[in-house]
Every structure is written in C-alpha cells, then in structure tokens.
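Undergrad: So here's final.cif (mmCIF, C-alpha atoms and all ligand atoms).
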data_structure
loop_
_atom_site.label_atom_id
_atom_site.label_comp_id
_atom_site.auth_asym_id
_atom_site.auth_seq_id
_atom_site.Cartn_x
_atom_site.Cartn_y
_atom_site.Cartn_z
CA MET A 1 7.12 2.83 -11.27
CA GLY A 2 3.66 2.04 -12.51
CA ALA A 3 2.26 1.96 -15.98
CA ILE A 4 -1.22 2.13 -17.40
CA LYS A 5 -0.82 0.20 -20.59
CA GLU A 6 1.85 -1.90 -22.21
CA ARG A 7 3.09 0.33 -24.96
CA ILE A 8 5.03 -1.85 -27.32
CA ASP A 9 5.07 -5.42 -28.41
CA SER A 10 8.56 -6.58 -27.48
CA LYS A 11 8.53 -9.59 -29.84
CA ASN A 12 10.42 -7.76 -32.56
CA ALA A 13 13.05 -6.35 -30.23
CA GLU A 14 16.55 -7.45 -31.10
CA GLU A 15 18.61 -9.45 -28.65
CA LYS A 16 21.75 -7.75 -27.42
CA PRO A 17 24.60 -9.01 -25.29
CA ALA A 18 24.58 -7.93 -21.63
CA LEU A 19 26.58 -4.77 -20.95
CA LEU A 20 27.35 -2.82 -17.82
CA PRO A 21 24.80 0.01 -17.30
CA GLN A 22 27.45 2.71 -17.71
CA GLU A 23 28.32 1.27 -21.11
CA ILE A 24 24.73 1.79 -22.26
CA GLY A 25 24.58 5.44 -21.17
CA THR A 26 22.08 8.01 -22.42
CA ASP A 27 21.83 9.05 -26.04
CA TYR A 28 20.51 12.60 -25.77
CA THR A 29 19.98 12.83 -29.53
CA PHE A 30 17.39 10.03 -29.46
CA LYS A 31 13.99 11.35 -30.52
CA ARG A 32 10.98 9.76 -28.82
CA LYS A 33 7.69 9.00 -30.51
CA ILE A 34 4.61 9.97 -28.51
CA VAL A 35 2.01 7.26 -27.89
CA TRP A 36 -1.04 9.44 -28.42
CA PHE A 37 -3.49 6.94 -26.99
CA ASN A 38 -1.72 7.13 -23.62
CA ALA A 39 -1.08 10.88 -23.81
CA ILE A 40 -4.75 11.66 -24.46
CA GLY A 41 -5.80 9.08 -21.85
CA PHE A 42 -3.64 10.76 -19.21
CA LEU A 43 -4.91 14.21 -20.23
CA LEU A 44 -8.53 13.03 -19.80
CA LEU A 45 -7.72 11.36 -16.46
CA HIS A 46 -6.18 14.62 -15.19
CA LEU A 47 -9.20 16.64 -16.30
CA MET A 48 -11.46 14.20 -14.45
CA ALA A 49 -9.23 14.40 -11.36
CA LEU A 50 -9.35 18.20 -11.54
CA TYR A 51 -13.13 18.04 -11.52
CA GLY A 52 -12.71 15.62 -8.59
CA VAL A 53 -10.95 18.42 -6.68
CA TYR A 54 -14.08 20.56 -7.21
CA ARG A 55 -16.32 17.67 -6.05
CA LEU A 56 -14.20 17.36 -2.87
CA ILE A 57 -15.82 20.57 -1.65
CA HIS A 58 -19.34 19.32 -2.33
CA CYS A 59 -19.17 15.68 -1.24
CA ASP A 60 -19.76 14.11 2.17
CA PRO A 61 -16.62 14.45 4.35
CA LEU A 62 -16.81 10.67 4.82
CA THR A 63 -16.12 10.26 1.09
CA VAL A 64 -12.93 12.33 1.40
CA ILE A 65 -11.86 10.23 4.40
CA TRP A 66 -12.71 7.05 2.47
CA ALA A 67 -10.77 8.08 -0.66
CA SER A 68 -7.75 9.26 1.37
CA GLY A 69 -7.79 6.10 3.51
CA LEU A 70 -8.03 3.95 0.41
CA MET A 71 -5.07 5.80 -1.09
CA PHE A 72 -3.06 5.20 2.06
CA VAL A 73 -3.94 1.50 2.48
CA SER A 74 -3.63 0.58 -1.20
CA GLY A 75 -0.30 2.43 -1.17
CA GLU A 76 1.00 -0.48 0.89
CA GLY A 77 0.09 -2.77 -2.02
CA ILE A 78 2.70 -0.76 -3.96
CA THR A 79 5.41 -0.04 -1.39
CA LEU A 80 5.24 -3.14 0.81
CA GLY A 81 3.95 -5.49 -1.88
CA ALA A 82 5.04 -4.72 -5.43
CA HIS A 83 8.21 -2.97 -4.33
CA ARG A 84 9.83 -4.51 -1.25
CA LEU A 85 8.22 -7.97 -1.29
CA TYR A 86 7.99 -8.82 -4.99
CA SER A 87 10.55 -6.60 -6.81
CA HIS A 88 13.37 -6.95 -4.29
CA LYS A 89 12.44 -10.10 -2.34
CA ALA A 90 13.46 -8.13 0.79
CA PHE A 91 11.33 -10.42 2.98
CA LYS A 92 8.97 -13.37 2.69
CA ALA A 93 5.28 -13.26 3.52
CA ALA A 94 2.43 -15.63 4.35
CA PHE A 95 -0.29 -16.37 1.77
CA SER A 96 -2.76 -14.05 3.54
CA VAL A 97 -0.33 -11.12 3.21
CA ARG A 98 0.36 -11.89 -0.44
CA LEU A 99 -3.38 -12.09 -1.15
CA ALA A 100 -3.92 -8.72 0.58
CA VAL A 101 -1.02 -7.28 -1.45
CA ILE A 102 -2.59 -8.39 -4.75
CA ILE A 103 -5.97 -6.87 -3.78
CA LEU A 104 -4.44 -3.60 -2.54
CA HIS A 105 -2.17 -3.39 -5.58
CA THR A 106 -5.21 -3.80 -7.85
CA ILE A 107 -7.07 -1.04 -5.94
CA ALA A 108 -4.09 1.28 -6.61
CA GLY A 109 -4.41 0.39 -10.31
CA GLN A 110 -0.79 0.81 -11.43
CA ASN A 111 -0.89 -1.96 -14.05
CA CYS A 112 -0.57 -5.61 -13.06
CA LEU A 113 2.07 -6.51 -10.49
CA TYR A 114 4.04 -8.58 -13.03
CA VAL A 115 4.62 -5.58 -15.34
CA TRP A 116 5.22 -3.26 -12.37
CA VAL A 117 7.94 -5.54 -10.99
CA ARG A 118 9.56 -6.13 -14.39
CA ASP A 119 9.82 -2.37 -15.01
CA HIS A 120 11.19 -1.80 -11.51
CA ARG A 121 13.79 -4.57 -11.69
CA GLN A 122 14.89 -3.15 -15.04
CA HIS A 123 15.05 0.33 -13.48
CA HIS A 124 17.47 -0.96 -10.81
CA LYS A 125 19.55 -3.05 -13.20
CA TYR A 126 20.07 -0.25 -15.74
CA SER A 127 19.45 2.84 -13.59
CA ASP A 128 19.51 6.14 -15.45
CA THR A 129 20.60 4.76 -18.79
CA ASP A 130 18.63 4.28 -22.01
CA ALA A 131 17.71 0.77 -20.80
CA ASP A 132 15.97 2.23 -17.71
CA PRO A 133 12.23 2.66 -18.52
CA HIS A 134 12.18 6.04 -16.70
CA ASN A 135 15.76 7.26 -17.20
CA SER A 136 16.00 10.41 -15.04
CA ASN A 137 18.83 11.80 -17.20
CA ARG A 138 16.03 12.74 -19.59
CA GLY A 139 14.60 15.16 -17.04
CA PHE A 140 11.79 15.49 -14.52
CA PHE A 141 8.87 15.28 -16.94
CA PHE A 142 10.10 12.17 -18.72
CA SER A 143 10.99 10.23 -15.55
CA HIS A 144 7.74 11.33 -13.88
CA ILE A 145 5.07 10.69 -16.51
CA GLY A 146 6.58 11.19 -19.99
CA TRP A 147 7.90 7.63 -20.14
CA LEU A 148 4.34 6.30 -19.92
CA MET A 149 3.23 8.25 -22.98
CA SER A 150 6.18 7.65 -25.30
CA LYS A 151 7.37 4.68 -27.27
CA LYS A 152 9.94 2.66 -25.35
CA HIS A 153 13.62 3.11 -26.20
CA PRO A 154 14.96 0.04 -28.12
CA GLU A 155 17.36 -0.58 -25.19
CA VAL A 156 14.39 -0.83 -22.80
CA ILE A 157 12.68 -3.36 -25.08
CA GLY A 158 15.82 -5.40 -25.73
CA ARG A 159 17.08 -5.58 -22.14
CA GLY A 160 13.59 -6.00 -20.70
CA LYS A 161 13.53 -9.51 -22.11
CA ASN A 162 16.53 -10.45 -19.96
CA ILE A 163 14.91 -9.54 -16.64
CA ASP A 164 14.43 -12.71 -14.59
CA MET A 165 10.75 -13.01 -13.70
CA SER A 166 10.69 -16.75 -12.97
CA ASP A 167 9.76 -16.23 -9.29
CA LEU A 168 6.67 -14.26 -10.26
CA GLU A 169 5.82 -16.69 -13.05
CA SER A 170 5.56 -19.45 -10.44
CA ASP A 171 3.34 -17.34 -8.15
CA PHE A 172 -0.32 -18.22 -8.72
CA LEU A 173 -1.69 -14.96 -7.26
CA VAL A 174 0.54 -12.79 -9.46
CA MET A 175 -0.27 -14.71 -12.63
CA PHE A 176 -4.00 -14.75 -11.82
CA GLN A 177 -3.96 -10.95 -11.44
CA LYS A 178 -2.00 -10.66 -14.73
CA GLU A 179 -4.48 -12.89 -16.58
CA TYR A 180 -7.66 -11.15 -15.37
CA TYR A 181 -6.23 -7.68 -14.74
CA LYS A 182 -8.81 -5.64 -16.69
CA LEU A 183 -11.74 -7.31 -14.94
CA LEU A 184 -10.06 -7.09 -11.52
CA TYR A 185 -9.22 -3.41 -12.17
CA ALA A 186 -12.87 -2.67 -12.99
CA ILE A 187 -13.99 -4.35 -9.75
CA PHE A 188 -11.28 -3.31 -7.26
CA ALA A 189 -9.94 0.01 -8.60
CA ILE A 190 -13.29 1.46 -9.76
CA GLY A 191 -16.33 -0.61 -8.74
CA ILE A 192 -15.85 -1.16 -4.99
CA PRO A 193 -14.20 2.23 -4.20
CA VAL A 194 -17.10 4.04 -5.92
CA ALA A 195 -19.91 1.78 -4.63
CA ILE A 196 -19.07 1.87 -0.90
CA PRO A 197 -19.78 5.62 -0.35
CA CYS A 198 -23.03 5.34 -2.40
CA TYR A 199 -24.36 2.37 -0.41
CA CYS A 200 -22.97 3.13 3.05
CA TRP A 201 -23.59 6.88 3.45
CA ASN A 202 -25.76 7.76 0.45
CA GLU A 203 -23.08 9.66 -1.44
CA THR A 204 -24.09 10.65 -4.97
CA PHE A 205 -22.65 8.51 -7.76
CA VAL A 206 -20.98 11.53 -9.41
CA ASN A 207 -19.26 12.64 -6.18
CA SER A 208 -18.08 9.13 -5.45
CA LEU A 209 -16.85 8.49 -9.00
CA PHE A 210 -14.82 11.69 -9.21
CA VAL A 211 -13.43 11.63 -5.64
CA SER A 212 -13.10 7.91 -4.83
CA TYR A 213 -11.76 7.00 -8.25
CA PHE A 214 -10.42 9.84 -10.45
CA TRP A 215 -9.05 12.13 -7.72
CA ARG A 216 -7.67 9.32 -5.57
CA TYR A 217 -6.16 7.51 -8.55
CA ILE A 218 -4.31 10.48 -10.05
CA ILE A 219 -2.99 11.78 -6.71
CA GLN A 220 -1.64 8.32 -5.86
CA LEU A 221 -0.04 7.95 -9.29
CA HIS A 222 1.78 11.27 -8.87
CA ILE A 223 3.05 10.28 -5.41
CA THR A 224 4.42 7.04 -6.87
CA TRP A 225 5.92 8.82 -9.88
CA LEU A 226 7.77 11.26 -7.61
CA ILE A 227 9.96 8.31 -6.60
CA ASN A 228 11.08 7.98 -10.23
CA SER A 229 11.49 11.72 -10.79
CA ALA A 230 12.15 13.81 -7.63
CA THR A 231 14.12 11.13 -5.77
CA HIS A 232 16.44 10.79 -8.76
CA LEU A 233 16.97 14.54 -9.01
CA TYR A 234 16.57 16.57 -5.79
CA GLY A 235 18.30 15.62 -2.53
CA THR A 236 21.49 14.35 -0.91
CA LYS A 237 23.67 11.32 -1.67
CA PRO A 238 25.16 10.17 1.63
CA TYR A 239 25.74 6.59 0.43
CA ASP A 240 26.81 6.99 -3.20
CA LYS A 241 27.42 10.26 -5.00
CA PHE A 242 28.16 8.46 -8.26
CA MET A 243 24.50 7.56 -8.88
CA ASN A 244 21.44 9.76 -9.55
CA PRO A 245 19.10 8.55 -6.74
CA VAL A 246 18.93 10.82 -3.67
CA GLU A 247 17.53 10.99 -0.14
CA ASN A 248 14.39 13.14 -0.20
CA TYR A 249 12.50 13.86 3.05
CA ILE A 250 9.31 15.17 1.43
CA VAL A 251 8.86 12.18 -0.88
CA SER A 252 9.66 9.82 2.02
CA PHE A 253 6.91 11.40 4.07
CA ILE A 254 4.19 11.29 1.42
CA ALA A 255 5.25 8.00 -0.21
CA LEU A 256 5.08 5.87 2.96
CA GLY A 257 8.86 5.82 3.47
CA GLU A 258 10.09 5.25 -0.09
CA GLY A 259 12.10 8.46 -0.52
CA TRP A 260 15.42 7.27 0.97
CA HIS A 261 16.34 6.42 -2.57
CA ASN A 262 20.13 6.83 -2.46
CA TYR A 263 20.23 4.19 0.28
CA HIS A 264 17.67 2.05 -1.54
CA HIS A 265 19.67 1.97 -4.79
CA ALA A 266 22.86 1.25 -2.82
CA PHE A 267 21.22 -1.59 -0.82
CA PRO A 268 18.07 -2.56 -2.76
CA SER A 269 17.22 -5.77 -0.91
CA ASP A 270 17.13 -4.13 2.56
CA TYR A 271 13.48 -4.49 3.68
CA ARG A 272 13.65 -1.07 5.43
CA ALA A 273 14.53 0.78 2.18
CA ALA A 274 16.39 3.19 4.49
CA GLU A 275 19.31 2.94 6.90
CA TYR A 276 17.34 4.17 9.88
CA GLY A 277 14.41 1.78 9.71
CA ILE A 278 11.10 3.35 10.58
CA ARG A 279 12.15 7.01 10.21
CA TYR A 280 9.17 8.39 8.23
CA SER A 281 8.65 4.86 6.92
CA ILE A 282 5.20 3.57 7.67
CA THR A 283 5.88 0.68 5.32
CA THR A 284 8.79 -0.53 7.46
CA PHE A 285 6.59 -0.22 10.54
CA VAL A 286 3.89 -2.35 8.85
CA ILE A 287 6.45 -5.03 7.83
CA ASP A 288 7.80 -5.09 11.40
CA PHE A 289 4.24 -5.47 12.71
CA LEU A 290 3.54 -8.33 10.26
CA ALA A 291 6.81 -9.97 11.34
CA TRP A 292 5.70 -9.65 14.97
CA LEU A 293 2.46 -11.44 14.01
CA GLY A 294 4.53 -14.13 12.27
CA LEU A 295 3.11 -13.23 8.84
CA ALA A 296 6.36 -11.77 7.47
CA TYR A 297 9.74 -13.44 7.90
CA ASP A 298 13.33 -13.65 6.58
CA LEU A 299 13.61 -9.85 6.66
CA LYS A 300 16.84 -8.80 4.91
CA GLU A 301 18.99 -5.94 6.25
CA ALA A 302 22.22 -4.53 4.89
CA ASN A 303 25.31 -5.15 7.00
CA ALA A 304 26.00 -2.01 9.13
CA GLU A 305 29.75 -2.12 8.43
CA ALA A 306 29.12 -2.43 4.68
CA VAL A 307 26.86 0.64 4.89
CA LYS A 308 29.57 2.61 6.73
CA GLN A 309 32.21 1.59 4.19
CA ARG A 310 29.96 2.66 1.32
CA VAL A 311 29.42 6.05 3.02
CA VAL A 312 33.16 6.51 3.52
CA LYS A 313 34.14 5.41 0.01
CA LYS A 314 31.36 6.89 -2.09
CA GLY A 315 29.17 9.24 0.00
CA ASP A 316 28.86 12.97 -0.64
CA GLY A 317 29.62 13.82 3.02
CA SER A 318 25.99 14.44 4.03
CA HIS A 319 25.63 11.30 6.17
CA PRO A 320 24.65 12.39 9.71
CA VAL A 321 27.11 10.05 11.46
CA PHE A 322 29.87 9.04 9.04
CA GLY A 323 29.62 12.01 6.67
CA THR A 324 32.88 13.61 7.81
CA ILE A 325 34.90 10.42 7.54
CA THR A 326 36.94 10.06 4.36
CA GLU A 327 39.05 7.12 3.27
CA GLU A 328 42.17 9.04 4.40
CA THR A 329 40.83 9.94 7.88
CA GLN A 330 39.58 6.40 8.31
CA LEU A 331 42.97 5.06 7.32
CA ASP A 332 44.51 7.30 10.03
CA GLU A 333 41.91 6.05 12.54
CA ASP A 334 42.67 2.44 11.56
CA LYS A 335 46.42 3.03 12.03
CA GLU A 336 45.75 4.64 15.42
CA GLU A 337 43.55 1.67 16.43
CA ILE A 338 46.29 -0.79 15.36
CA ARG A 339 48.86 1.21 17.37
CA ARG A 340 46.53 1.18 20.44
CA ARG A 341 45.97 -2.58 20.18
CA HIS A 342 49.66 -3.21 19.62
CA ALA A 343 50.56 -1.05 22.64
CA ALA A 344 47.96 -2.87 24.78
CA ALA A 345 49.19 -6.30 23.63
CA THR A 346 52.85 -5.49 24.26
CA GLY A 347 52.14 -3.78 27.61
ZN ZN B 1 15.02 4.61 -8.48
ZN ZN B 2 13.43 -0.54 -5.71
#
Starting from the file, give its structure as structure tokens.

TA:
Amino acid sequence: MGAIKERIDSKNAEEKPALLPQEIGTDYTFKRKIVWFNAIGFLLLHLMALYGVYRLIHCDPLTVIWASGLMFVSGEGITLGAHRLYSHKAFKAAFSVRLAVIILHTIAGQNCLYVWVRDHRQHHKYSDTDADPHNSNRGFFFSHIGWLMSKKHPEVIGRGKNIDMSDLESDFLVMFQKEYYKLLYAIFAIGIPVAIPCYCWNETFVNSLFVSYFWRYIIQLHITWLINSATHLYGTKPYDKFMNPVENYIVSFIALGEGWHNYHHAFPSDYRAAEYGIRYSITTFVIDFLAWLGLAYDLKEANAEAVKQRVVKKGDGSHPVFGTITEETQLDEDKEEIRRRHAAATG
C-alpha cells in the first residue's frame, strides 16, 4: 500500500495473457535493481523523522496532539477511503464523504489515490506472486518498504496494465487529485499541517515542520506498510490457510482495524474488513456512523454461511467459533441433522 513516486514507465512493458496467480508464482532468482532516487529519498525522510522524535520533546504538547490527531484522521482517508471505498467498492458514499476522503488521503501523502488503488487491486488479484507489487514471499523488508525503492518486476508492469480502473477514471475528484497531486501534496500534506501550529499556538517553524510533517508522515507510512508486511507474515489463518495474509491483532489496533487480513483477502468486498465488525476497527465504526447519517450506503457484507464454509474447508483451526469443525465432523453433523429431521417428519 502506498507509494511515493511512480518508478517505471510502463509503456514498454510487454502484454501477456492472463494467468491464474499461482501460475505466476515467485522467481526467487530474480535480481532487483535499486531505484537510488527513492532509496536516498527514504533515507533522508527517515533521518528527518528521527530528528522529529527529538523535537517531540521540545515542542508544545499541542503540536504532538495535532500531529497525532492528523495521523489518526487522515488515516481514514487511507482505510475508509482509498481502501474500502475506492479499491474494493465495499460501500457507496455521498459527494461530501468522497471530497473529505480525497482531502484526508492527500494529507496522508501516500501518492495519489488512483495509483494507490491500482497497486492495491493488483495486490489482491495477484497476491504474493511476482505480479504483486509487494510480494510478501520476498520477505518482510521487501513487502514493507523495499518494493518502493526497487525497479518493478516485469510481471508487475505487464499485469498492472490489465487492472480495471474505469470507475476511478470517471470520478472527477480522483482524477483532479491525480492531475494536481504535487501541488495538492505541498498544500495539504506539508503546508497546512505545518502552518496551523505556527499560527494557532505560536509553535516554532522547525518544531512544526519536523513533528507535524516528517515525524507524522513516516510513522503513518510505517503503520500502512505493516499491512503489506506483518499481516502477510505473522498471525493466524482462520479463514484460509492456503494464502499468506493473516489475522494480526497488533496491526489491527494501530491501523484502524485493517489487520484482519486473512478475512479481508478471503472476502475483500466486505465493508467491515473483518468478520466481527467493529472489533478494534474504528474504520468500520466510522462507516456505520456515516451510514446512520445517510452519507454511506449499499454496505456490502459477506454471507455468514459462506464465511463458515470457508472456515471449515480452508481454515487453520484457529477460528474462535468454527475452528474445531472439519469437513468430516460437519458431514457427520449434517447426517445427524438429516436423521433428526427425517425422524421428526416421520413421527
Ligand atoms: Zn494484503
Ligand atoms: Zn484490500
């Protein structure tokens, strides 16, 4: 999720016929070329953020509250907006919500929404193969940040062209943000977050720049990246043990409810991104609140029976309710139920 800069011109990429993800696989002998511009850029950003940690001690406490609050609120531009609303079309939203999403998403600064959504749709379509932009089979570092500082795999470039983006291309707000992204980034990700503490409570420019921008920006990026790395590597697989994504409590807590990743990959268009709704999911709570106001509608949920069947057929046994049921035990239960019904019907 998230990218700072488009790394490769995809015009020269060769067209390839569509294949099933498992047929693409991961070529572990493939050697990646580092994009030094991005690598050095990230190194500098981290050094600035580190100095931001030092400035946290010296700045006005209001600036820390402001930067943390901004991180939290703009996080919804990612989780509620770019992810559940735009990438997965898990619900529909009024113009006012979509406008707020575009502004919050720009404050978070994780590239324009169009590129964010394209990368994420590709991640779901070709999960953990060479066509996945942040293939977790290449390890924690690559799926976390390494993918943003290395040349894209030819499979990513080739298959990326086949991702349907027509819905976003007909969305004025999305295309406006894409067209003027650099200017909007300067205003919403840097300008306003840094200016408010200076004008409203006389914070110094240096404190505000390093806390409200560099520190906030890098911390939020790492939280987002954990969804690509940690939640594809460390946790349980109650819904599907044959895929890499896992359920991870810690990431769910810090990433506004986006860490129930095994469920999410099994049922990507469920607006809750988790079976149990608002459990550690502030984003689901916000969508429910917007629906109550009439600003969000057509909320999609996975069918409960389909979820149970997936747990029984493919889960790793860690599901809190259906974890102990296997296909065999369920078959026995089904036979018993048929016998009971038959006995009741025949008296
Ligand atoms: Zn994922
Ligand atoms: Zn997703």

Undergrad: Check which residues fall inside 12 Å of ligand ZN 1 (chain B) when counting only C-alpha atoms and all ligand atoms, and print them as a count of residues only.

TA: 49

Undergrad: So, with only C-alpha atoms and all ligand atoms as the atoms that count, which of A:Ala108, A:Ala82, A:Ile219, A:Ile65 lies closest to ligand ZN 2 (chain B)?

TA: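 Among A:Ala108, A:Ala82, A:Ile219, A:Ile65, it is A:Ala82 that comes nearest to ligand ZN 2 (chain B).
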
Undergrad: Could you tell me how far atom CA of Cys198 of chain A lies from atom CA of Leu45 of chain A, in Å and to one decimal?

TA: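 Atom CA of Leu45 of chain A lies 21.6 Å from atom CA of Cys198 of chain A.
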
Undergrad: Kindly indicate which residue among A:Asp298, A:Phe210, A:Phe322, A:Tyr239 lies nearest to Ile57 of chain A, using all atoms listed in the file for the distances.

TA: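 Comparing A:Asp298, A:Phe210, A:Phe322, A:Tyr239 against Ile57 of chain A, the winner is A:Phe210.
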
Undergrad: Could you work out how far atom CA of Phe285 of chain A lies from atom CA of Trp66 of chain A, giving the answer in Å with one decimal?

TA: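 Computing it gives 22.1 Å between the two atoms.
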
Undergrad: What does the distance from atom CA of Ser281 of chain A to atom CA of Leu113 of chain A come to in Å, to one decimal?

TA: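 About the pair atom CA of Ser281 of chain A and atom CA of Leu113 of chain A: they are 21.8 Å apart.
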
Undergrad: Rank A:Lys237, A:Thr283, A:Tyr213, A:Ser87 by their smallest atom-to-atom distance to Phe253 of chain A, using all atoms listed in the file, and report the top residue only.

TA: A:Thr283

Undergrad: Quick one: what's the axis-aligned box for segment 140-152 of chain A, all listed atoms, 8 Å on every side, centre and edges in Å to one decimal, as AutoDock Vina command-line options?

TA:
--center_x 7.5 --center_y 9.1 --center_z -20.6 --size_x 24.6 --size_y 28.8 --size_z 29.4

Undergrad: Could you check which of A:Trp116, A:Tyr217, A:Tyr249, A:Phe172 is closest to ligand ZN 2 (chain B), using all atoms listed in the file?

TA: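 Among the listed residues, A:Trp116 lies closest to ligand ZN 2 (chain B).
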
Undergrad: Quick one: residues within 7 Å of segment 31-40 of chain A, all atoms listed in the file, excluding same-chain residues fewer than 4 positions away - as a ChimeraX atom specification?

TA: /A:44,149-151

Undergrad: Rank nothing, just name the residue among A:Ile282, A:Ile192, A:Ala274, A:Cys59 nearest to ligand ZN 2 (chain B), using only C-alpha atoms and all ligand atoms.

TA: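 Counting only C-alpha atoms and all ligand atoms, the residue closest to ligand ZN 2 (chain B) is A:Ala274.
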
Undergrad: Which residue, A:Val286, A:Leu50, A:Ile254, A:Leu295, has the smallest gap to Ser96 of chain A when you use all atoms listed in the file?

TA: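 For Ser96 of chain A, the nearest of the candidates is A:Leu295.
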
Undergrad: Take the point (9.1, -1.0, 4.4) as written in the file and pick out every residue within 6 Å of it, counting all atoms listed in the file; give the list as a VMD selection string.

TA: chain A and resid 80 271 to 272 283 to 284 287

Undergrad: Take the point (-7.1, 5.3, 2.3) in the file's coordinates, draw a sphere of radius 12 Å around it, and report as a PyMOL selection string every protein, DNA or RNA residue with an atom inside or on it, counting only C-alpha atoms.

TA: chain A and resi 62-77+104+107-108+193+211-213+216-217+219-220

Undergrad: Have segment 69-94 of chain A completed to N, CA and C atoms, please, and pass it along as a CSV table (one decimal), in the frame of the given file.

TA:
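The resulting file, part_14.csv, is reproduced below:
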chain,number,residue,atom,x,y,z
A,69,GLY,N,-8.1,7.3,2.8
A,69,GLY,CA,-7.8,6.1,3.5
A,69,GLY,C,-7.5,5.0,2.5
A,70,LEU,N,-8.3,5.0,1.4
A,70,LEU,CA,-8.0,4.0,0.4
A,70,LEU,C,-6.7,4.2,-0.3
A,71,MET,N,-6.3,5.4,-0.5
A,71,MET,CA,-5.1,5.8,-1.1
A,71,MET,C,-3.9,5.3,-0.2
A,72,PHE,N,-4.1,5.6,1.1
A,72,PHE,CA,-3.1,5.2,2.1
A,72,PHE,C,-2.9,3.7,2.1
A,73,VAL,N,-4.0,3.0,2.3
A,73,VAL,CA,-3.9,1.5,2.5
A,73,VAL,C,-3.5,0.8,1.2
A,74,SER,N,-4.0,1.2,0.1
A,74,SER,CA,-3.6,0.6,-1.2
A,74,SER,C,-2.2,0.9,-1.5
A,75,GLY,N,-1.7,2.1,-1.0
A,75,GLY,CA,-0.3,2.4,-1.2
A,75,GLY,C,0.6,1.3,-0.7
A,76,GLU,N,0.2,0.6,0.4
A,76,GLU,CA,1.0,-0.5,0.9
A,76,GLU,C,1.1,-1.6,-0.1
A,77,GLY,N,0.0,-1.8,-0.9
A,77,GLY,CA,0.1,-2.8,-2.0
A,77,GLY,C,1.2,-2.5,-3.0
A,78,ILE,N,1.6,-1.2,-3.1
A,78,ILE,CA,2.7,-0.8,-4.0
A,78,ILE,C,4.0,-0.9,-3.2
A,79,THR,N,4.1,-0.2,-2.1
A,79,THR,CA,5.4,0.0,-1.4
A,79,THR,C,5.8,-1.4,-0.7
A,80,LEU,N,4.9,-1.9,0.1
A,80,LEU,CA,5.2,-3.1,0.8
A,80,LEU,C,5.2,-4.3,-0.2
A,81,GLY,N,4.2,-4.3,-1.0
A,81,GLY,CA,4.0,-5.5,-1.9
A,81,GLY,C,4.8,-5.5,-3.1
A,82,ALA,N,4.4,-4.7,-4.1
A,82,ALA,CA,5.0,-4.7,-5.4
A,82,ALA,C,6.5,-4.4,-5.3
A,83,HIS,N,6.8,-3.4,-4.4
A,83,HIS,CA,8.2,-3.0,-4.3
A,83,HIS,C,9.1,-3.9,-3.5
A,84,ARG,N,8.9,-3.8,-2.1
A,84,ARG,CA,9.8,-4.5,-1.2
A,84,ARG,C,9.7,-6.0,-1.3
A,85,LEU,N,8.4,-6.5,-1.3
A,85,LEU,CA,8.2,-8.0,-1.3
A,85,LEU,C,8.5,-8.6,-2.6
A,86,TYR,N,7.9,-8.1,-3.7
A,86,TYR,CA,8.0,-8.8,-5.0
A,86,TYR,C,9.2,-8.4,-5.8
A,87,SER,N,9.4,-7.0,-5.9
A,87,SER,CA,10.6,-6.6,-6.8
A,87,SER,C,11.9,-7.0,-6.2
A,88,HIS,N,12.0,-6.8,-4.9
A,88,HIS,CA,13.4,-7.0,-4.3
A,88,HIS,C,13.5,-8.2,-3.4
A,89,LYS,N,12.4,-8.9,-3.2
A,89,LYS,CA,12.4,-10.1,-2.3
A,89,LYS,C,13.1,-9.8,-1.0
A,90,ALA,N,12.8,-8.6,-0.4
A,90,ALA,CA,13.5,-8.1,0.8
A,90,ALA,C,13.0,-8.9,2.0
A,91,PHE,N,11.8,-9.6,1.9
A,91,PHE,CA,11.3,-10.4,3.0
A,91,PHE,C,10.4,-11.4,2.4
A,92,LYS,N,10.0,-12.4,3.2
A,92,LYS,CA,9.0,-13.4,2.7
A,92,LYS,C,7.7,-13.1,3.5
A,93,ALA,N,6.6,-13.5,2.9
A,93,ALA,CA,5.3,-13.3,3.5
A,93,ALA,C,4.3,-14.4,3.4
A,94,ALA,N,3.4,-14.6,4.4
A,94,ALA,CA,2.4,-15.6,4.4
A,94,ALA,C,1.4,-15.4,3.2
